[in-house]
Structure formats: C-alpha cells, structure tokens
>>> print(open('upload-v1.txt').read())   # compact mmCIF, C-alpha atoms and all ligand atoms
# COMPACT_ATOMS: atom_id res chain seq x y z
CA MET A 1216 -25.69 40.20 64.83
CA ARG A 1217 -25.60 36.80 63.33
CA ALA A 1218 -27.94 37.89 60.53
CA LEU A 1219 -25.79 40.90 59.82
CA ARG A 1220 -22.65 38.85 59.78
CA TYR A 1221 -24.34 36.43 57.41
CA SER A 1222 -25.41 39.11 54.97
CA LEU A 1223 -21.96 40.72 55.06
CA THR A 1224 -20.43 37.34 54.35
CA ALA A 1225 -22.87 36.79 51.52
CA ALA A 1226 -22.16 40.21 50.05
CA PHE A 1227 -18.42 39.57 50.28
CA ALA A 1228 -18.78 36.20 48.58
CA LEU A 1229 -20.74 37.87 45.80
CA LEU A 1230 -18.00 40.45 45.34
CA LEU A 1231 -15.42 37.69 45.02
CA ALA A 1232 -17.58 35.84 42.54
CA VAL A 1233 -17.75 38.82 40.17
CA PRO A 1234 -14.58 38.70 38.05
CA ALA A 1235 -12.44 41.75 38.62
CA PRO A 1236 -11.47 43.67 35.49
CA ALA A 1237 -8.04 42.64 34.27
CA THR A 1238 -5.30 45.00 35.37
CA ALA A 1239 -1.75 45.09 34.07
CA ASP A 1240 -0.56 43.02 37.02
CA GLU A 1241 -2.96 40.16 36.54
CA ARG A 1242 -2.27 39.65 32.89
CA LEU A 1243 -0.65 36.42 32.36
CA VAL A 1244 0.86 36.80 28.98
CA VAL A 1245 1.47 33.41 27.55
CA GLY A 1246 -1.28 33.36 30.04
CA GLY A 1247 -3.25 30.29 29.40
CA GLN A 1248 -1.65 27.45 31.16
CA GLU A 1249 1.36 25.25 31.61
CA VAL A 1250 1.70 22.61 28.90
CA LYS A 1251 4.00 19.62 28.41
CA THR A 1252 6.40 19.26 25.50
CA ALA A 1253 5.00 15.73 25.13
CA ASP A 1254 1.80 17.41 23.93
CA ALA A 1255 3.66 20.00 21.84
CA PRO A 1256 6.80 18.09 20.76
CA TRP A 1257 7.53 20.56 17.94
CA ALA A 1258 7.94 23.45 20.39
CA VAL A 1259 11.65 23.93 21.14
CA ALA A 1260 13.79 26.44 23.01
CA LEU A 1261 16.81 28.22 21.54
CA ALA A 1262 19.54 28.63 24.09
CA SER A 1263 22.97 30.09 24.64
CA ARG A 1264 24.31 29.82 28.17
CA ALA A 1265 27.33 31.97 27.36
CA ARG A 1266 25.05 34.80 26.33
CA PHE A 1267 21.95 34.38 28.54
CA GLY A 1268 23.15 32.59 31.64
CA THR A 1269 22.64 29.10 33.01
CA THR A 1270 19.56 29.35 35.25
CA ARG A 1271 16.96 28.72 32.54
CA SER A 1272 19.25 26.55 30.35
CA GLY A 1273 20.22 29.75 28.49
CA GLN A 1274 16.81 30.02 26.78
CA PHE A 1275 16.24 33.24 24.80
CA CYS A 1276 13.83 32.41 21.95
CA GLY A 1277 11.52 29.70 20.68
CA GLY A 1278 11.62 27.57 17.57
CA VAL A 1279 9.57 24.92 15.78
CA VAL A 1280 10.49 21.48 14.43
CA VAL A 1281 9.18 21.28 10.84
CA ALA A 1282 11.34 18.34 9.76
CA ARG A 1283 13.79 15.99 11.46
CA SER A 1284 16.80 18.28 11.04
CA THR A 1285 14.97 21.55 10.41
CA ILE A 1286 13.98 24.14 13.00
CA VAL A 1287 12.26 27.39 12.03
CA THR A 1288 12.57 30.45 14.22
CA ALA A 1289 12.45 34.23 13.90
CA ALA A 1290 15.25 35.95 11.97
CA HIS A 1291 15.54 38.49 14.76
CA CYS A 1292 16.50 35.70 17.18
CA LEU A 1293 19.60 34.99 15.10
CA THR A 1294 20.91 38.53 14.67
CA ARG A 1295 24.17 39.92 15.96
CA ASP A 1296 22.10 42.14 18.27
CA VAL A 1297 20.69 39.12 20.07
CA LEU A 1298 23.55 36.62 19.80
CA GLY A 1299 26.40 39.09 20.13
CA THR A 1300 28.07 37.47 17.13
CA GLU A 1301 27.15 36.02 13.75
CA PRO A 1302 25.16 32.81 14.21
CA SER A 1303 28.03 30.79 12.69
CA ALA A 1304 30.28 32.02 15.51
CA ALA A 1305 27.74 31.33 18.27
CA THR A 1306 29.28 27.97 19.08
CA ASP A 1307 27.17 27.34 22.17
CA LEU A 1308 23.86 27.93 20.35
CA ARG A 1309 21.64 24.96 21.18
CA VAL A 1310 18.17 23.71 20.35
CA ILE A 1311 16.51 22.18 23.40
CA VAL A 1312 13.80 19.59 22.81
CA GLY A 1313 11.59 17.82 25.33
CA ARG A 1314 12.49 19.98 28.35
CA ASP A 1315 9.28 21.25 29.98
CA ASP A 1316 11.12 22.95 32.83
CA LEU A 1317 14.24 24.86 31.85
CA ARG A 1318 15.68 24.47 35.37
CA GLY A 1319 16.04 20.74 34.71
CA THR A 1320 18.02 18.59 32.33
CA ALA A 1321 15.22 16.57 30.70
CA GLY A 1322 15.13 16.05 26.96
CA LYS A 1323 18.02 16.79 24.66
CA GLU A 1324 20.24 19.68 23.72
CA LEU A 1325 21.18 19.63 20.07
CA ALA A 1326 24.07 21.41 18.43
CA VAL A 1327 23.52 23.53 15.35
CA LYS A 1328 25.10 22.61 12.04
CA GLU A 1329 23.98 25.69 10.20
CA ALA A 1330 21.81 28.75 10.71
CA TRP A 1331 20.26 30.63 7.81
CA VAL A 1332 18.75 34.05 8.34
CA ASN A 1333 16.37 35.45 5.74
CA PRO A 1334 18.51 38.10 4.00
CA ASP A 1335 15.32 40.08 3.31
CA PHE A 1336 14.52 40.38 7.01
CA SER A 1337 14.32 44.03 7.97
CA ALA A 1338 14.86 44.89 11.63
CA GLY A 1339 13.13 48.20 10.86
CA THR A 1340 9.83 46.78 9.63
CA ASN A 1341 10.18 43.21 10.99
CA ALA A 1342 9.11 41.94 7.55
CA GLY A 1343 10.38 38.45 6.63
CA ASP A 1344 11.14 37.48 10.24
CA VAL A 1345 12.24 33.91 9.63
CA GLY A 1346 15.37 31.82 9.93
CA VAL A 1347 16.17 28.14 9.54
CA ILE A 1348 18.40 26.11 11.83
CA THR A 1349 19.82 22.81 10.61
CA LEU A 1350 20.51 20.45 13.50
CA ALA A 1351 23.82 18.64 13.77
CA GLU A 1352 21.86 15.38 14.12
CA PRO A 1353 18.28 14.59 13.11
CA LEU A 1354 15.52 14.22 15.68
CA PRO A 1355 13.50 11.04 15.83
CA ASP A 1356 10.31 10.99 13.77
CA GLY A 1357 7.12 12.25 15.33
CA ARG A 1358 8.22 15.64 16.61
CA THR A 1359 7.37 17.65 13.50
CA ILE A 1360 4.44 19.90 12.63
CA ALA A 1361 3.35 20.73 9.09
CA MET A 1362 3.53 24.30 7.84
CA ALA A 1363 0.22 25.78 6.71
CA GLN A 1364 -0.02 26.72 3.05
CA GLN A 1365 -1.56 29.79 1.49
CA GLY A 1366 -5.33 29.64 1.21
CA GLU A 1367 -5.79 27.12 4.00
CA PRO A 1368 -8.86 27.79 6.14
CA VAL A 1369 -6.68 28.17 9.28
CA TYR A 1370 -5.86 31.69 8.08
CA ALA A 1371 -9.51 32.81 8.20
CA ALA A 1372 -10.36 35.54 10.71
CA ASN A 1373 -11.44 34.26 14.13
CA THR A 1374 -9.78 30.86 13.78
CA PRO A 1375 -8.84 29.67 17.28
CA ALA A 1376 -5.10 29.19 17.68
CA MET A 1377 -2.57 28.52 20.44
CA VAL A 1378 0.76 30.24 21.00
CA TYR A 1379 3.56 28.44 22.89
CA GLY A 1380 6.65 29.63 24.70
CA TRP A 1381 8.90 30.04 27.73
CA GLY A 1382 8.73 33.83 27.51
CA ASP A 1383 7.63 36.62 29.81
CA THR A 1384 4.34 35.86 31.56
CA GLN A 1385 3.55 39.40 32.71
CA GLY A 1386 5.30 41.84 30.42
CA ASN A 1387 7.77 42.84 33.14
CA GLY A 1388 10.65 40.43 32.61
CA SER A 1389 9.13 37.46 34.46
CA TYR A 1390 10.39 34.73 32.17
CA SER A 1391 8.73 31.37 32.59
CA ASP A 1392 10.67 28.30 33.68
CA THR A 1393 8.03 26.05 32.15
CA LEU A 1394 6.46 25.87 28.72
CA ARG A 1395 3.15 27.70 28.54
CA ALA A 1396 0.45 28.12 25.93
CA ALA A 1397 -2.30 30.68 25.48
CA PRO A 1398 -5.36 30.60 23.24
CA VAL A 1399 -5.69 33.48 20.78
CA LEU A 1400 -7.80 34.18 17.68
CA VAL A 1401 -6.34 34.76 14.23
CA LEU A 1402 -7.55 38.29 13.47
CA GLY A 1403 -8.60 39.77 10.14
CA ASP A 1404 -6.05 41.81 8.21
CA GLU A 1405 -8.17 45.00 8.44
CA LEU A 1406 -8.06 44.82 12.23
CA CYS A 1407 -4.32 44.18 12.24
CA GLU A 1408 -3.75 47.14 9.91
CA GLN A 1409 -5.86 49.36 12.14
CA ALA A 1410 -3.85 48.28 15.16
CA TYR A 1411 -0.49 48.87 13.46
CA PRO A 1412 -0.89 51.43 10.66
CA GLY A 1413 2.79 52.34 10.82
CA GLY A 1414 4.92 54.86 12.61
CA LEU A 1415 6.75 54.12 15.84
CA GLU A 1416 4.81 50.98 16.71
CA GLY A 1417 5.57 49.29 13.39
CA ALA A 1418 3.47 48.57 10.35
CA TYR A 1419 1.43 45.45 9.75
CA ASP A 1420 2.08 43.85 6.35
CA ARG A 1421 -0.70 41.44 5.38
CA LYS A 1422 1.45 39.61 2.83
CA THR A 1423 4.14 38.50 5.25
CA MET A 1424 2.51 38.82 8.70
CA LEU A 1425 -0.55 37.74 10.58
CA CYS A 1426 -1.90 39.03 13.86
CA ALA A 1427 -3.67 37.24 16.67
CA GLY A 1428 -5.06 38.04 20.09
CA TRP A 1429 -8.24 39.26 21.75
CA ALA A 1430 -10.01 42.62 21.49
CA GLU A 1431 -9.85 42.93 25.28
CA GLY A 1432 -6.20 41.81 25.46
CA GLY A 1433 -5.11 39.58 28.32
CA LYS A 1434 -3.59 36.69 26.37
CA ASP A 1435 -0.62 37.07 24.07
CA ALA A 1436 2.95 36.10 23.36
CA CYS A 1437 5.65 38.30 24.90
CA GLN A 1438 9.41 38.79 25.09
CA GLY A 1439 11.27 35.49 24.99
CA ASP A 1440 8.53 33.77 22.97
CA SER A 1441 9.86 34.99 19.63
CA GLY A 1442 10.41 32.38 16.98
CA GLY A 1443 7.97 30.06 18.72
CA PRO A 1444 4.85 28.49 17.22
CA LEU A 1445 1.35 29.76 16.60
CA VAL A 1446 -0.67 26.64 15.83
CA ALA A 1447 -4.19 26.29 14.41
CA GLY A 1448 -5.96 23.21 13.12
CA GLY A 1449 -2.86 21.11 13.76
CA ARG A 1450 -0.79 23.33 11.44
CA LEU A 1451 1.99 25.80 12.08
CA VAL A 1452 0.46 29.12 10.96
CA GLY A 1453 2.83 31.69 12.46
CA LEU A 1454 6.03 32.48 14.36
CA VAL A 1455 6.04 34.91 17.28
CA SER A 1456 7.58 38.11 15.89
CA TRP A 1457 6.56 41.45 17.44
CA GLY A 1458 3.89 43.56 19.09
CA SER A 1459 3.40 46.71 21.09
CA GLY A 1460 3.78 45.73 24.72
CA CYS A 1461 2.15 42.40 25.54
CA ALA A 1462 -1.52 41.45 25.86
CA GLN A 1463 -2.72 45.06 25.67
CA PRO A 1464 -6.23 45.69 24.35
CA GLY A 1465 -6.09 46.78 20.70
CA ARG A 1466 -2.44 45.67 20.40
CA PRO A 1467 -2.50 42.11 19.09
CA GLY A 1468 0.59 39.98 18.70
CA VAL A 1469 2.13 39.99 15.23
CA TYR A 1470 3.48 36.78 13.72
CA THR A 1471 5.48 35.80 10.66
CA ARG A 1472 2.93 34.35 8.23
CA ILE A 1473 4.25 30.83 7.64
CA SER A 1474 2.54 30.37 4.26
CA ALA A 1475 4.51 33.39 2.99
CA VAL A 1476 7.88 31.94 3.96
CA SER A 1477 7.42 28.17 3.76
CA ALA A 1478 9.03 27.98 0.30
CA MET A 1479 12.15 29.69 1.69
CA VAL A 1480 12.16 27.29 4.62
CA THR A 1481 11.89 24.33 2.26
CA ALA A 1482 14.67 25.71 0.09
CA HIS A 1483 16.97 25.95 3.12
CA SER A 1484 16.06 22.61 4.63
CA VAL A 1485 18.21 19.51 4.24
CA ASP A 1486 15.13 17.36 4.86
CA LYS A 1487 13.14 15.86 2.03
CA LYS A 1488 9.72 16.52 3.51
CA PRO A 1489 9.68 19.70 5.55
CA HIS A 1490 5.98 20.21 4.74
CA GLY A 1491 4.83 17.02 6.36
CA PRO A 1492 2.51 14.40 4.85
CA GLN A 1493 0.35 16.73 2.75
CA GLY A 1494 2.96 19.23 1.66
CA PRO A 1495 3.68 20.31 -1.90
CA ALA A 1496 7.37 19.44 -1.55
CA GLN A 1497 6.32 15.82 -1.47
CA LEU A 1498 3.79 16.11 -4.27
CA ALA A 1499 6.43 17.72 -6.46
CA ARG A 1500 8.90 14.91 -5.91
CA PRO A 1501 8.82 11.25 -6.83
CA ALA A 1502 8.70 8.93 -3.86
CA VAL A 1503 12.16 8.18 -2.52
CA PRO A 1504 12.72 4.72 -1.11
CA LYS A 1505 13.54 4.85 2.59
N1 LIG B 1601 10.07 40.28 19.98
C1 LIG B 1601 9.68 39.46 21.06
C2 LIG B 1601 10.76 38.39 21.30
O1 LIG B 1601 11.85 38.56 20.85
C3 LIG B 1601 8.32 38.89 20.87
C4 LIG B 1601 7.29 39.91 21.12
C5 LIG B 1601 5.91 39.43 20.87
N2 LIG B 1601 5.03 40.40 21.38
C6 LIG B 1601 3.71 40.27 21.43
N3 LIG B 1601 3.03 41.21 22.01
N4 LIG B 1601 3.11 39.23 20.94
O2 LIG B 1601 10.60 37.48 22.08
>>> encode(input="upload-v1.txt", output="structure tokens")
Amino acid sequence: MRALRYSLTAAFALLLAVPAPATADERLVVGGQEVKTADAPWAVALASRARFGTTRSGQFCGGVVVARSTIVTAAHCLTRDVLGTEPSAATDLRVIVGRDDLRGTAGKELAVKEAWVNPDFSAGTNAGDVGVITLAEPLPDGRTIAMAQQGEPVYAANTPAMVYGWGDTQGNGSYSDTLRAAPVLVLGDELCEQAYPGGLEGAYDRKTMLCAGWAEGGKDACQGDSGGPLVAGGRLVGLVSWGSGCAQPGRPGVYTRISAVSAMVTAHSVDKKPHGPQGPAQLARPAVPK
C-alpha cells in the first residue's frame, strides 16, 4: 500500500514537472513579469478619466519619453475614435510618469500642451502609426530613451527585445493595474510578411513596421499596450501598433518602426535633442550652451 502510494505520488509529481502545453487561458500576454517604472522610466501611460474611468487612472494607451517634453505614442491612440474628440479638445488627456500601479497616485500626471498625429497614418493599413505629444512642462533629465536609427544592429532578425505596458494580460479584457514587460524577438521581414500578407488581418509593410514575438506565441503586447515601447539594446526600436489577437502562434505583434518615423518625431519635437546623446539631430547642430 505504502509502495503503491509512493509510486502514485512520484508519477503525479512527474506529471506536474512536465510543462503543460500553453492554452489560451494560460497565456499571459505582456506575459513576462511585473516591472518598475524606476527601471523603465521612459515608459508612460496615456490617460483620460473622463473617457476611460477612474479605476486605473484612466489609462488607455502607452507612450515613450524621447526627450524632456516629447512623448511618442501611436497615432491610433490619438484619434477621434479612441478619444471621442480631436486631441486638442481632449482637455483631460494626461501623461502619467512614474506610476507603477495605476490604482495609486505615485509619480506625476502631466498635462498636454500639444498633440500631433501623423497625417499619413492610415487606420485602414495602420501604416505610419505615430504621434507626438508635447508636455505642458518638461520632465527632469534621465527619463528619456534614444530612438534607434536605420541600419542599427538592433533591427536584425532575432534580436532580443522587451515590450512594456499596462495592457491586457490575457487577451480577454483583463487590463493590468501594474506595468509589465515581456521578452520578444525582433523577427525577419519575410516572416512578418508571411504572417500578415494582407486581407482582413492587415498587411505588414517592412518600410514602416517591424514585427516581434515567438513562433510558438505566448508572449506579446495586447490591447491597451498601444503606443508603448519595444526596446532592444537600450534603444527604442518600435511602438506597439497592431496584431491579430494576442500572443497567438504565427501571429506576431506588429510595431511602428521607429527608425522610419524618427525624423518626423524630431521635426515635431520642441526639444533640442530628441535623439539622445548619439543622435543625428545633435550632430547636425552646433553645440548650444546650456
Ligand atoms: N491596437 C492595440 C492597442 O490599441 C495593440 C494591439 C497589439 N497587438 C498585438 N498582438 N501585439 O492597444
């Protein structure tokens, strides 16, 4: 009896030790882990309490600090569809920095001075999904991340990257209260084109987009993460833009390719150095005394 019980116990333990295949319910979408804004100070939340309610500080999209007064986000986060009005009329639009848990009041809520939406953004194709928010007051130094430039090695296939956001963790409307990050791989353009050749699911455009994920799915951005950062090698490489479902095998997340839009961001930034220490904006300009 004892021996039998032992072997049953052993068999059961073995069963538990073998990882179960991922099912839809176990997928954690921004699935990696909880992270702190102290370790990702450039990751910010866009919020409107009037539009999205007060429980999670009104969060509805992500954004990224690329210079002291300059936030980049997805164009589709700033449309009439999402905001219910033109961005200039969305008077309670806020950028929330340094708040790990949206149920709390940590960090700062900043008002928006101006919001620019890429006029070439197409809601049909999702091409050019970028917008620039100018803050009413600049952030302190040290919160910014540099935008990757074309040709940088971070865009090579299979580069490890991390995506950050407060979005849906399971693909069923379970929005996260806390900031999360998931590891993904930058995928080659051929793979992205195969995944999204066009039609109902949308078409991948290698000039203006990049895709990232895992062949087996399981880790991805999801609804509510849009506009937030995809970071590789300490550089901002993409903005969460679209995808078919979330974390599905063969359906990688699609991101705005930052190198394709960084010149537009620079042109619509009030800051002198939106590219960070190594950026061309600085190389092209004589040093300005501080
Ligand atoms: N459009 C979504 C948003 O507004 C982001 C979807 C990203 N999807 C994905 N599978 N990576 O939040």
>>> residues_around(input="upload-v1.txt", residues="Arg1309 (chain A)", least_positions_apart="4", cutoff="9 Å", atoms="only C-alpha atoms", output="list in words")
Ala1260, Leu1261, Ala1262, Ser1263, Arg1264, Gly1273, Gln1274, Glu1324, Leu1325, Ala1326, Val1327 and Leu1350 of chain A
>>> residues_around(input="upload-v1.txt", residues="Ala1447 (chain A)", least_positions_apart="4", cutoff="10 Å", atoms="all atoms listed in the file", output="list in words")
Ala1363, Pro1368, Val1369, Tyr1370, Thr1374, Pro1375, Ala1376, Met1377, Val1378, Pro1398, Val1399, Leu1400, Val1401, Leu1451, Val1452 and Gly1453 of chain A
>>> closest_atom_pairs(input="upload-v1.txt", of="chain A", to="ligand LIG 1601 (chain B)", cutoff="10 Å", atoms="all atoms listed in the file", output="tab-separated table")
residue	atom	partner	partner_atom	distance
A:Val1244	CA	B:LIG1601	N3	8.5
A:Val1245	CA	B:LIG1601	N4	9.0
A:Phe1275	CA	B:LIG1601	O2	7.6
A:Cys1276	CA	B:LIG1601	O2	6.0
A:Gly1277	CA	B:LIG1601	O2	8.0
A:Ala1289	CA	B:LIG1601	O1	8.2
A:Ala1290	CA	B:LIG1601	O1	9.9
A:His1291	CA	B:LIG1601	O1	7.1
A:Cys1292	CA	B:LIG1601	O1	6.6
A:Val1297	CA	B:LIG1601	O1	8.9
A:Asn1341	CA	B:LIG1601	N1	9.5
A:Val1378	CA	B:LIG1601	N4	9.3
A:Gly1380	CA	B:LIG1601	O2	9.2
A:Trp1381	CA	B:LIG1601	O2	9.5
A:Gly1382	CA	B:LIG1601	O2	6.8
A:Asp1383	CA	B:LIG1601	O2	8.3
A:Gly1386	CA	B:LIG1601	N3	8.7
A:Cys1426	CA	B:LIG1601	N4	8.7
A:Ala1427	CA	B:LIG1601	N4	8.3
A:Gly1428	CA	B:LIG1601	N4	8.3
A:Gly1432	CA	B:LIG1601	N3	9.9
A:Lys1434	CA	B:LIG1601	N4	9.0
A:Asp1435	CA	B:LIG1601	N4	5.3
A:Ala1436	CA	B:LIG1601	N4	4.0
A:Cys1437	CA	B:LIG1601	N2	4.1
A:Gln1438	CA	B:LIG1601	O2	3.5
A:Gly1439	CA	B:LIG1601	O2	3.6
A:Asp1440	CA	B:LIG1601	O2	4.3
A:Ser1441	CA	B:LIG1601	O2	3.6
A:Gly1442	CA	B:LIG1601	O2	7.2
A:Gly1443	CA	B:LIG1601	O2	8.6
A:Leu1454	CA	B:LIG1601	C3	9.4
A:Val1455	CA	B:LIG1601	C5	5.8
A:Ser1456	CA	B:LIG1601	C3	5.1
A:Trp1457	CA	B:LIG1601	C5	4.0
A:Gly1458	CA	B:LIG1601	N3	3.8
A:Ser1459	CA	B:LIG1601	N3	5.6
A:Gly1460	CA	B:LIG1601	N3	5.3
A:Cys1461	CA	B:LIG1601	N3	3.8
A:Ala1462	CA	B:LIG1601	N3	6.0
A:Gln1463	CA	B:LIG1601	N3	7.8
A:Arg1466	CA	B:LIG1601	N3	7.2
A:Pro1467	CA	B:LIG1601	N3	6.3
A:Gly1468	CA	B:LIG1601	N4	3.5
A:Val1469	CA	B:LIG1601	N4	5.8
A:Tyr1470	CA	B:LIG1601	N4	7.6
>>> closest_residue(input="upload-v1.txt", among="A:Asp1404, A:Lys1487, A:Glu1431, A:Arg1295", to="Arg1283 (chain A)", atoms="only C-alpha atoms")
A:Lys1487
>>> closest_residue(input="upload-v1.txt", among="A:Leu1402, A:Ala1258, A:Val1250, A:Ile1348", to="Ala1430 (chain A)", atoms="all atoms listed in the file")
A:Leu1402
